[in-house]
Amino acid sequence: MIDLRLLREDPDRVRASQRARGEDVALVDALLSADERRRSSGVRFDELRAEQKALGKLVPKATGDEKAELLKKAEQLKADVKAADADRDAAAAETQELLLKLGNLIHPDVPVGGEEDFVTLETHGTVRDFAAEGFEPKDHLELGQLLGAIDVERGAKVSGSRFYFLTGVGALLELALVNAAIAQATAAGFTPMLTPALVRPQSMAGTGFLGQAAQDVYHLDKDDLYLVGTSEVPLAAYHMDEIIDADRLPLRYAGFSPCFRREAGSHGKDTRGIFRVHQFDKVEMFSYVAPEESQAEHQRLLEWEKQWLTSLELPFRVIDVASGDLGSSAARKYDCEAWIPTQGKYRELTSTSDCTEFQSRRLQIRVRDGKTVRPLATLNGTLCAVPRTIVAILENHQQADGSVRVPEVLRPYLGGREILEPAAQ
């Protein structure tokens with residue numbers, strides 16, 4: 001959530017952010033009104049409590065009619081204090097409810113607009129000319145079936161649409177990707193983490209995933225637990241309700257976890273293969289830093305993602321995501337999109353978001369610097385979302401005979417294998 005003091009001091013900035021996100025601007029004025037009621041009812045409660053305490057000291061000293069009058073007044077004050085307390089609690093609850101609906105303030109340099117209004121910042125690698133090489137590229141599913149690596153038919157039989165099996169070399173390729181990604185993250189100073197896939201409501205809400213993204217989240221009603229769509233959630237909640245000493249920052253974690261997404265609103269999109277699925281594994285980077293360090297850390301996370309995609313020898317571009325396509329927690333987000341030959345376009349493979357103090361305020365995570373205690377900043381960045389990375393590797397490194405060249409970075413994790421050969425029929 002944002003700082004209420006900032007809302008009171010510069011409501012126009014908050015209105016502009018909401019407008020750029022395509023969100024309800026009226027929410028800002030409703031929140032200002034609720035906050036004013038919260039503060040005024042708090043003052044009213046404090047005044048009545050002070051009057052009640054002062055009266056309580058007079059009653060024992062009074063006698064006769066004076067005492068009777070004071071006791072009568074005390075009864076009225078008791079009722080007034082109770083009513084003021086209820087008003088204060090109601091106003092505070094309304095303020096909190098509205099505050100949790102408000103998205104993070106977007107960075108002033110974020111391009112304004114919808115999904116297609118991003119700005120391309122840089123492009124890396126060379127897109128292959130398959131026509132010049134003399135063959136038509138196969139898509140990842142055809143390649144995966146030739147290699148004996150992907151089985152979507154049995155995935156659908158066992159679990160339904162958008163589920164899959166990785167088999168044989170497909171399973172080995174996932175393990176190679178995960179191990180290589182964790183090795184890069186560890187070398188960069190990240191602490192490897194295996195995180196829970198189920199979290200409590202306060203963890204999911206604290207990271208901002210029960211707002212605009214709620215329809216995409218799986219909820220286990222009987223247990224009141226949520227399946228995470230990213231290990232960002234447990235990594236953000238890892239230090240919930242804690243105060244961290246400034247000399248421990250930055251704290252960087254690399255979490256590996258299964259991820260579960262309903263893919264609500266994606267009906268009919270990317271239904272072929274394993275590009276858009278309900279369950280997948282991912283290596284996620286997560287950073288806790290001082291607020292003034294968040295923009296520099298955002299650039300560092302982006303550089304680590306670029307390093308990873310470059311090591312996989314994939315052509316990709318970096319985009320500055322537009323305001324209307326940001327998650328509610330992100331002040332700014334960069335996506336790295338790999339070229340997918342059979343789609344003839346770039347598709348998102350990784351993303352990194354600067355969430356500033358938004359999540360830490362919701363999760364009550366603070367930093368102690370001397371005598372000062374204040375919220376810190378959190379950032380996240382995908383290092384390897386496995387299925388999409390497999391899609392990009394298979395399509396970009398395929399050869400005319402249906403085999404696939406293995407990027408050098410993965411070979412040590414595949415027993416030195418340089419080529420993935422079609423399986424024997």
# chains A, B, ... in the order shown; residues from 1 in each chain; ligands from 1

$ residues_around --residues "range 409-414 of chain A" --least-positions-apart "5" --cutoff "8 Å" --atoms "only C-alpha atoms" --output "CSV table (one decimal) with N, CA and C atoms, in the first residue's frame"
chain,number,residue,atom,x,y,z
A,172,LEU,N,14.8,-33.9,-18.2
A,172,LEU,CA,16.3,-33.6,-18.0
A,172,LEU,C,16.6,-32.1,-18.4
A,173,LEU,N,15.9,-31.6,-19.4
A,173,LEU,CA,16.1,-30.2,-19.8
A,173,LEU,C,15.6,-29.3,-18.7
A,175,LEU,N,15.5,-29.9,-15.5
A,175,LEU,CA,16.4,-29.9,-14.4
A,175,LEU,C,17.7,-29.2,-14.7
A,176,ALA,N,18.1,-29.3,-15.9
A,176,ALA,CA,19.3,-28.6,-16.4
A,176,ALA,C,19.1,-27.1,-16.3
A,177,LEU,N,18.0,-26.6,-16.7
A,177,LEU,CA,17.6,-25.2,-16.7
A,177,LEU,C,17.6,-24.7,-15.2
A,179,ASN,N,19.0,-26.0,-12.5
A,179,ASN,CA,20.3,-26.0,-11.9
A,179,ASN,C,21.2,-24.9,-12.4
A,180,ALA,N,21.2,-24.7,-13.7
A,180,ALA,CA,22.0,-23.6,-14.3
A,180,ALA,C,21.5,-22.2,-13.8
A,311,SER,N,23.1,-16.2,-22.1
A,311,SER,CA,23.8,-17.5,-21.9
A,311,SER,C,23.1,-18.6,-22.6
A,312,LEU,N,21.8,-18.5,-22.8
A,312,LEU,CA,21.0,-19.5,-23.5
A,312,LEU,C,21.0,-19.3,-25.0

$ residues_around --residues "Ile182 in chain A" --least-positions-apart "5" --cutoff "9 Å" --atoms "only C-alpha atoms" --output "list in words"
Leu177, Ala187, Phe190, Pro192, Ala254, Gly255, Phe256, Val283 and Leu383 of chain A

$ write_last_selection --atoms "C-alpha atoms" --output "compact mmCIF listing (two decimals), in the first residue's frame"
# COMPACT_ATOMS: atom_id res chain seq x y z
CA LEU A 177 17.64 -25.16 -16.67
CA ALA A 187 27.27 -16.86 -8.10
CA PHE A 190 21.53 -14.87 -4.01
CA PRO A 192 18.87 -20.38 -2.89
CA ALA A 254 16.50 -17.13 -5.44
CA GLY A 255 13.36 -19.19 -4.95
CA PHE A 256 12.47 -22.34 -6.84
CA VAL A 283 13.31 -19.76 -10.49
CA LEU A 383 15.19 -15.81 -13.83

$ select_by_dssp --residues "range 150-331 of chain A" --states "helix (DSSP H, G or I)" --output "VMD selection string"
chain A and resid 152 to 159 169 to 187 201 to 206 214 to 216 232 to 237 246 to 248 291 to 311 323 to 325

$ residues_around --residues "range 259-267 of chain A" --least-positions-apart "6" --cutoff "9 Å" --atoms "only C-alpha atoms" --output "ChimeraX atom specification"
/A:197,215-218,227-231,276-282

$ closest_residue --among "A:Asp139, A:Glu94, A:Glu348, A:Asp223" --to "Gln398 in chain A" --atoms "only C-alpha atoms"
A:Asp139

$ atom_distance --atom1 "CA of Ile106 in chain A" --atom2 "CA of Ser287 in chain A"
19.0 Å

$ select_by_dssp --residues "range 28-125 of chain A" --states "strand (DSSP E)" --output "list in words"
Val119, Thr120, Leu121, Glu122, Thr123 and His124 of chain A

$ write_last_selection --atoms "C-alpha atoms" --output "PDB file, in the first residue's frame"
ATOM      1  CA  VAL A 119       8.632   1.043 -25.199  1.00  0.00           C
ATOM      2  CA  THR A 120      11.390  -1.185 -26.601  1.00  0.00           C
ATOM      3  CA  LEU A 121      14.615  -0.343 -24.769  1.00  0.00           C
ATOM      4  CA  GLU A 122      17.093  -2.717 -26.430  1.00  0.00           C
ATOM      5  CA  THR A 123      17.345  -5.782 -28.654  1.00  0.00           C
ATOM      6  CA  HIS A 124      19.862  -8.626 -28.334  1.00  0.00           C
TER       7      HIS A 124
END

$ residues_around --residues "range 44-50 of chain A" --least-positions-apart "3" --cutoff "10 Å" --atoms "only C-alpha atoms" --output "VMD selection string"
chain A and resid 38 to 41 53 to 56 77 to 78 80 to 88

$ write_last_selection --atoms "N, CA, C and O atoms" --output "compact mmCIF listing (two decimals), in the first residue's frame"
# COMPACT_ATOMS: atom_id res chain seq x y z
N ARG A 38 -11.29 8.99 9.82
CA ARG A 38 -10.46 8.20 10.74
C ARG A 38 -9.70 9.12 11.70
O ARG A 38 -9.68 8.88 12.92
N ARG A 39 -9.11 10.16 11.16
CA ARG A 39 -8.31 11.07 12.01
C ARG A 39 -9.20 11.89 12.94
O ARG A 39 -8.90 12.04 14.12
N SER A 40 -10.32 12.41 12.42
CA SER A 40 -11.20 13.24 13.25
C SER A 40 -11.89 12.41 14.32
O SER A 40 -12.05 12.86 15.47
N SER A 41 -12.27 11.18 13.98
CA SER A 41 -12.90 10.33 14.99
C SER A 41 -11.88 9.90 16.04
O SER A 41 -12.21 9.72 17.21
N LYS A 53 -11.38 10.55 32.00
CA LYS A 53 -10.37 10.35 33.03
C LYS A 53 -10.37 11.48 34.05
O LYS A 53 -10.25 11.25 35.26
N ALA A 54 -10.49 12.70 33.54
CA ALA A 54 -10.53 13.87 34.45
C ALA A 54 -11.74 13.80 35.36
O ALA A 54 -11.66 14.08 36.57
N LEU A 55 -12.88 13.40 34.79
CA LEU A 55 -14.11 13.29 35.59
C LEU A 55 -13.97 12.19 36.63
O LEU A 55 -14.45 12.32 37.77
N GLY A 56 -13.29 11.11 36.26
CA GLY A 56 -13.10 10.00 37.19
C GLY A 56 -12.33 10.41 38.43
O GLY A 56 -12.52 9.82 39.50
N LEU A 77 -20.76 10.09 29.40
CA LEU A 77 -19.42 10.06 28.80
C LEU A 77 -19.02 8.63 28.39
O LEU A 77 -18.41 8.42 27.36
N LYS A 78 -19.41 7.69 29.24
CA LYS A 78 -19.10 6.30 28.95
C LYS A 78 -19.74 5.88 27.62
O LYS A 78 -19.10 5.22 26.78
N ASP A 80 -20.68 7.96 25.23
CA ASP A 80 -20.07 8.75 24.16
C ASP A 80 -18.71 8.16 23.75
O ASP A 80 -18.39 8.12 22.56
N VAL A 81 -17.93 7.73 24.75
CA VAL A 81 -16.61 7.13 24.46
C VAL A 81 -16.78 5.85 23.66
O VAL A 81 -16.06 5.59 22.70
N LYS A 82 -17.76 5.03 24.05
CA LYS A 82 -18.01 3.78 23.34
C LYS A 82 -18.41 4.05 21.89
O LYS A 82 -17.94 3.37 20.97
N ALA A 83 -19.27 5.05 21.69
CA ALA A 83 -19.70 5.39 20.33
C ALA A 83 -18.53 5.94 19.51
O ALA A 83 -18.37 5.61 18.34
N ALA A 84 -17.69 6.79 20.14
CA ALA A 84 -16.53 7.36 19.45
C ALA A 84 -15.53 6.28 19.08
O ALA A 84 -14.91 6.31 18.02
N ASP A 85 -15.38 5.29 19.97
CA ASP A 85 -14.47 4.17 19.71
C ASP A 85 -14.96 3.37 18.51
O ASP A 85 -14.17 2.96 17.64
N ALA A 86 -16.27 3.15 18.46
CA ALA A 86 -16.85 2.40 17.33
C ALA A 86 -16.68 3.18 16.03
O ALA A 86 -16.35 2.60 14.98
N ASP A 87 -16.90 4.51 16.09
CA ASP A 87 -16.73 5.35 14.90
C ASP A 87 -15.28 5.31 14.41
O ASP A 87 -15.02 5.21 13.21
N ARG A 88 -14.35 5.37 15.37
CA ARG A 88 -12.92 5.35 15.03
C ARG A 88 -12.56 4.02 14.36
O ARG A 88 -11.87 4.00 13.34

$ residues_around --residues "Pro137 in chain A" --least-positions-apart "3" --cutoff "10 Å" --atoms "only C-alpha atoms" --output "MDAnalysis selection string"
chainID A and resid 129:131 133:134 140 142:143 341:342 395:400 402

$ residues_around --residues "range 366-375 of chain A" --least-positions-apart "3" --cutoff "6 Å" --atoms "only C-alpha atoms" --output "mmCIF file with C-alpha atoms, in the first residue's frame"
data_model
loop_
_atom_site.group_PDB
_atom_site.id
_atom_site.type_symbol
_atom_site.label_atom_id
_atom_site.label_comp_id
_atom_site.auth_asym_id
_atom_site.auth_seq_id
_atom_site.Cartn_x
_atom_site.Cartn_y
_atom_site.Cartn_z
ATOM 1 C CA ILE A 243 12.455 -5.340 11.467
ATOM 2 C CA ILE A 244 15.708 -5.885 9.553
ATOM 3 C CA ASP A 245 18.915 -4.087 10.483
ATOM 4 C CA ALA A 246 20.168 -1.844 7.673
ATOM 5 C CA SER A 360 6.578 -4.036 2.768
#

$ closest_residue --among "A:Arg252, A:Arg13, A:Lys101, A:Lys67" --to "Leu235 in chain A" --atoms "only C-alpha atoms"
A:Arg252

$ residues_around --residues "Ile150 in chain A" --least-positions-apart "4" --cutoff "8 Å" --atoms "only C-alpha atoms" --output "MDAnalysis selection string"
chainID A and resid 141 144:145 164:167 170

$ write_last_selection --atoms "N, CA and C atoms" --output "compact mmCIF listing (two decimals), in the first residue's frame"
# COMPACT_ATOMS: atom_id res chain seq x y z
N LEU A 141 5.94 -27.77 -29.87
CA LEU A 141 5.21 -29.00 -29.56
C LEU A 141 5.62 -30.13 -30.50
N GLY A 144 9.02 -31.12 -29.45
CA GLY A 144 8.96 -31.83 -28.18
C GLY A 144 8.47 -33.25 -28.32
N GLN A 145 7.54 -33.45 -29.26
CA GLN A 145 7.04 -34.80 -29.50
C GLN A 145 8.07 -35.64 -30.24
N TYR A 164 0.52 -30.81 -18.69
CA TYR A 164 1.44 -31.52 -19.57
C TYR A 164 2.39 -32.38 -18.75
N PHE A 165 3.01 -33.33 -19.40
CA PHE A 165 4.13 -34.08 -18.85
C PHE A 165 5.40 -33.65 -19.59
N LEU A 166 6.49 -33.46 -18.88
CA LEU A 166 7.81 -33.40 -19.49
C LEU A 166 8.41 -34.79 -19.31
N THR A 167 8.81 -35.43 -20.40
CA THR A 167 9.25 -36.82 -20.35
C THR A 167 10.67 -36.94 -20.91
N GLY A 170 12.98 -34.11 -21.96
CA GLY A 170 12.25 -32.90 -21.55
C GLY A 170 12.39 -32.66 -20.06

$ atom_distance --atom1 "CA of Asp35 in chain A" --atom2 "CA of Pro108 in chain A"
25.5 Å

$ atom_distance --atom1 "CA of Thr271 in chain A" --atom2 "CA of Ser351 in chain A"
21.8 Å

$ closest_residue --among "A:Leu7, A:Met193, A:Val28, A:Ala338" --to "Glu313 in chain A" --atoms "only C-alpha atoms"
A:Ala338

$ decode --residues "range 284-333 of chain A" --atoms "N, CA and C atoms" --output "tab-separated table (two decimals), in the first residue's frame"
chain	number	residue	atom	x	y	z
A	284	GLU	N	12.87	-17.72	-9.26
A	284	GLU	CA	12.52	-16.31	-9.09
A	284	GLU	C	13.55	-15.61	-8.21
A	285	MET	N	14.01	-14.45	-8.65
A	285	MET	CA	14.89	-13.61	-7.83
A	285	MET	C	14.05	-12.64	-7.01
A	286	PHE	N	14.47	-12.41	-5.77
A	286	PHE	CA	13.73	-11.48	-4.91
A	286	PHE	C	14.72	-10.70	-4.06
A	287	SER	N	14.53	-9.38	-3.98
A	287	SER	CA	15.46	-8.51	-3.26
A	287	SER	C	14.73	-7.63	-2.24
A	288	TYR	N	15.36	-7.48	-1.09
A	288	TYR	CA	14.98	-6.49	-0.09
A	288	TYR	C	16.09	-5.46	-0.03
A	289	VAL	N	15.75	-4.18	-0.26
A	289	VAL	CA	16.77	-3.13	-0.25
A	289	VAL	C	16.21	-1.89	0.43
A	290	ALA	N	17.11	-0.95	0.75
A	290	ALA	CA	16.67	0.37	1.23
A	290	ALA	C	15.91	1.06	0.11
A	291	PRO	N	14.85	1.84	0.43
A	291	PRO	CA	14.03	2.45	-0.63
A	291	PRO	C	14.83	3.25	-1.66
A	292	GLU	N	15.85	3.96	-1.21
A	292	GLU	CA	16.63	4.77	-2.14
A	292	GLU	C	17.49	3.92	-3.08
A	293	GLU	N	17.57	2.62	-2.82
A	293	GLU	CA	18.35	1.72	-3.66
A	293	GLU	C	17.51	0.95	-4.68
A	294	SER	N	16.19	1.14	-4.64
A	294	SER	CA	15.32	0.25	-5.42
A	294	SER	C	15.53	0.39	-6.93
A	295	GLN	N	15.71	1.61	-7.42
A	295	GLN	CA	15.87	1.76	-8.88
A	295	GLN	C	17.17	1.13	-9.37
A	296	ALA	N	18.25	1.30	-8.58
A	296	ALA	CA	19.53	0.68	-8.96
A	296	ALA	C	19.43	-0.84	-8.91
A	297	GLU	N	18.71	-1.37	-7.89
A	297	GLU	CA	18.53	-2.81	-7.79
A	297	GLU	C	17.69	-3.33	-8.94
A	298	HIS	N	16.73	-2.53	-9.37
A	298	HIS	CA	15.89	-2.93	-10.51
A	298	HIS	C	16.75	-3.14	-11.75
A	299	GLN	N	17.69	-2.25	-11.96
A	299	GLN	CA	18.59	-2.38	-13.10
A	299	GLN	C	19.48	-3.62	-12.96
A	300	ARG	N	19.91	-3.90	-11.72
A	300	ARG	CA	20.74	-5.09	-11.50
A	300	ARG	C	19.96	-6.37	-11.81
A	301	LEU	N	18.71	-6.44	-11.37
A	301	LEU	CA	17.88	-7.61	-11.66
A	301	LEU	C	17.71	-7.79	-13.17
A	302	LEU	N	17.49	-6.68	-13.86
A	302	LEU	CA	17.36	-6.74	-15.32
A	302	LEU	C	18.65	-7.26	-15.96
A	303	GLU	N	19.79	-6.81	-15.47
A	303	GLU	CA	21.07	-7.26	-16.02
A	303	GLU	C	21.25	-8.76	-15.80
A	304	TRP	N	20.83	-9.27	-14.65
A	304	TRP	CA	20.95	-10.71	-14.40
A	304	TRP	C	20.04	-11.51	-15.34
A	305	GLU	N	18.84	-10.97	-15.62
A	305	GLU	CA	17.95	-11.64	-16.58
A	305	GLU	C	18.56	-11.63	-17.98
A	306	LYS	N	19.13	-10.51	-18.38
A	306	LYS	CA	19.78	-10.42	-19.69
A	306	LYS	C	20.97	-11.39	-19.78
A	307	GLN	N	21.72	-11.48	-18.70
A	307	GLN	CA	22.84	-12.41	-18.67
A	307	GLN	C	22.36	-13.84	-18.89
A	308	TRP	N	21.25	-14.20	-18.26
A	308	TRP	CA	20.70	-15.54	-18.37
A	308	TRP	C	20.25	-15.84	-19.81
A	309	LEU	N	19.48	-14.94	-20.38
A	309	LEU	CA	18.97	-15.18	-21.73
A	309	LEU	C	20.10	-15.17	-22.76
A	310	THR	N	21.11	-14.34	-22.53
A	310	THR	CA	22.28	-14.34	-23.42
A	310	THR	C	23.02	-15.67	-23.32
A	311	SER	N	23.13	-16.21	-22.10
A	311	SER	CA	23.82	-17.49	-21.92
A	311	SER	C	23.08	-18.62	-22.62
A	312	LEU	N	21.76	-18.48	-22.77
A	312	LEU	CA	20.97	-19.49	-23.48
A	312	LEU	C	20.98	-19.26	-24.99
A	313	GLU	N	21.70	-18.21	-25.42
A	313	GLU	CA	21.89	-17.91	-26.84
A	313	GLU	C	20.56	-17.66	-27.54
A	314	LEU	N	19.68	-16.91	-26.85
A	314	LEU	CA	18.36	-16.61	-27.41
A	314	LEU	C	18.30	-15.17	-27.88
A	315	PRO	N	17.70	-14.89	-29.02
A	315	PRO	CA	17.44	-13.51	-29.42
A	315	PRO	C	16.28	-12.96	-28.58
A	316	PHE	N	16.47	-11.76	-28.03
A	316	PHE	CA	15.41	-11.21	-27.18
A	316	PHE	C	15.45	-9.68	-27.19
A	317	ARG	N	14.37	-9.11	-26.71
A	317	ARG	CA	14.32	-7.65	-26.55
A	317	ARG	C	13.87	-7.33	-25.12
A	318	VAL	N	14.18	-6.10	-24.70
A	318	VAL	CA	13.78	-5.62	-23.37
A	318	VAL	C	12.76	-4.51	-23.57
A	319	ILE	N	11.62	-4.62	-22.89
A	319	ILE	CA	10.60	-3.57	-23.02
A	319	ILE	C	10.29	-2.95	-21.65
A	320	ASP	N	9.95	-1.67	-21.70
A	320	ASP	CA	9.48	-0.93	-20.53
A	320	ASP	C	7.95	-1.04	-20.57
A	321	VAL	N	7.38	-1.79	-19.66
A	321	VAL	CA	5.94	-2.12	-19.70
A	321	VAL	C	5.10	-0.88	-19.41
A	322	ALA	N	4.03	-0.70	-20.20
A	322	ALA	CA	3.17	0.47	-20.05
A	322	ALA	C	2.33	0.42	-18.78
A	323	SER	N	1.88	1.59	-18.36
A	323	SER	CA	1.21	1.76	-17.06
A	323	SER	C	-0.02	0.88	-16.90
A	324	GLY	N	-0.80	0.73	-17.96
A	324	GLY	CA	-2.03	-0.05	-17.86
A	324	GLY	C	-1.81	-1.54	-17.81
A	325	ASP	N	-0.55	-1.97	-18.01
A	325	ASP	CA	-0.23	-3.40	-18.02
A	325	ASP	C	0.61	-3.80	-16.81
A	326	LEU	N	0.75	-2.88	-15.85
A	326	LEU	CA	1.51	-3.17	-14.63
A	326	LEU	C	0.63	-3.91	-13.63
A	327	GLY	N	1.23	-4.82	-12.87
A	327	GLY	CA	0.53	-5.38	-11.73
A	327	GLY	C	0.35	-4.32	-10.66
A	328	SER	N	-0.59	-4.51	-9.76
A	328	SER	CA	-0.90	-3.47	-8.78
A	328	SER	C	0.28	-3.14	-7.88
A	329	SER	N	1.20	-4.09	-7.66
A	329	SER	CA	2.33	-3.85	-6.76
A	329	SER	C	3.48	-3.11	-7.41
A	330	ALA	N	3.56	-3.15	-8.73
A	330	ALA	CA	4.74	-2.65	-9.43
A	330	ALA	C	4.65	-1.15	-9.70
A	331	ALA	N	5.75	-0.46	-9.39
A	331	ALA	CA	5.89	0.94	-9.78
A	331	ALA	C	6.45	1.03	-11.20
A	332	ARG	N	7.25	0.01	-11.55
A	332	ARG	CA	7.80	-0.07	-12.91
A	332	ARG	C	8.16	-1.52	-13.19
A	333	LYS	N	8.05	-1.93	-14.43
A	333	LYS	CA	8.35	-3.32	-14.79
A	333	LYS	C	9.02	-3.38	-16.15
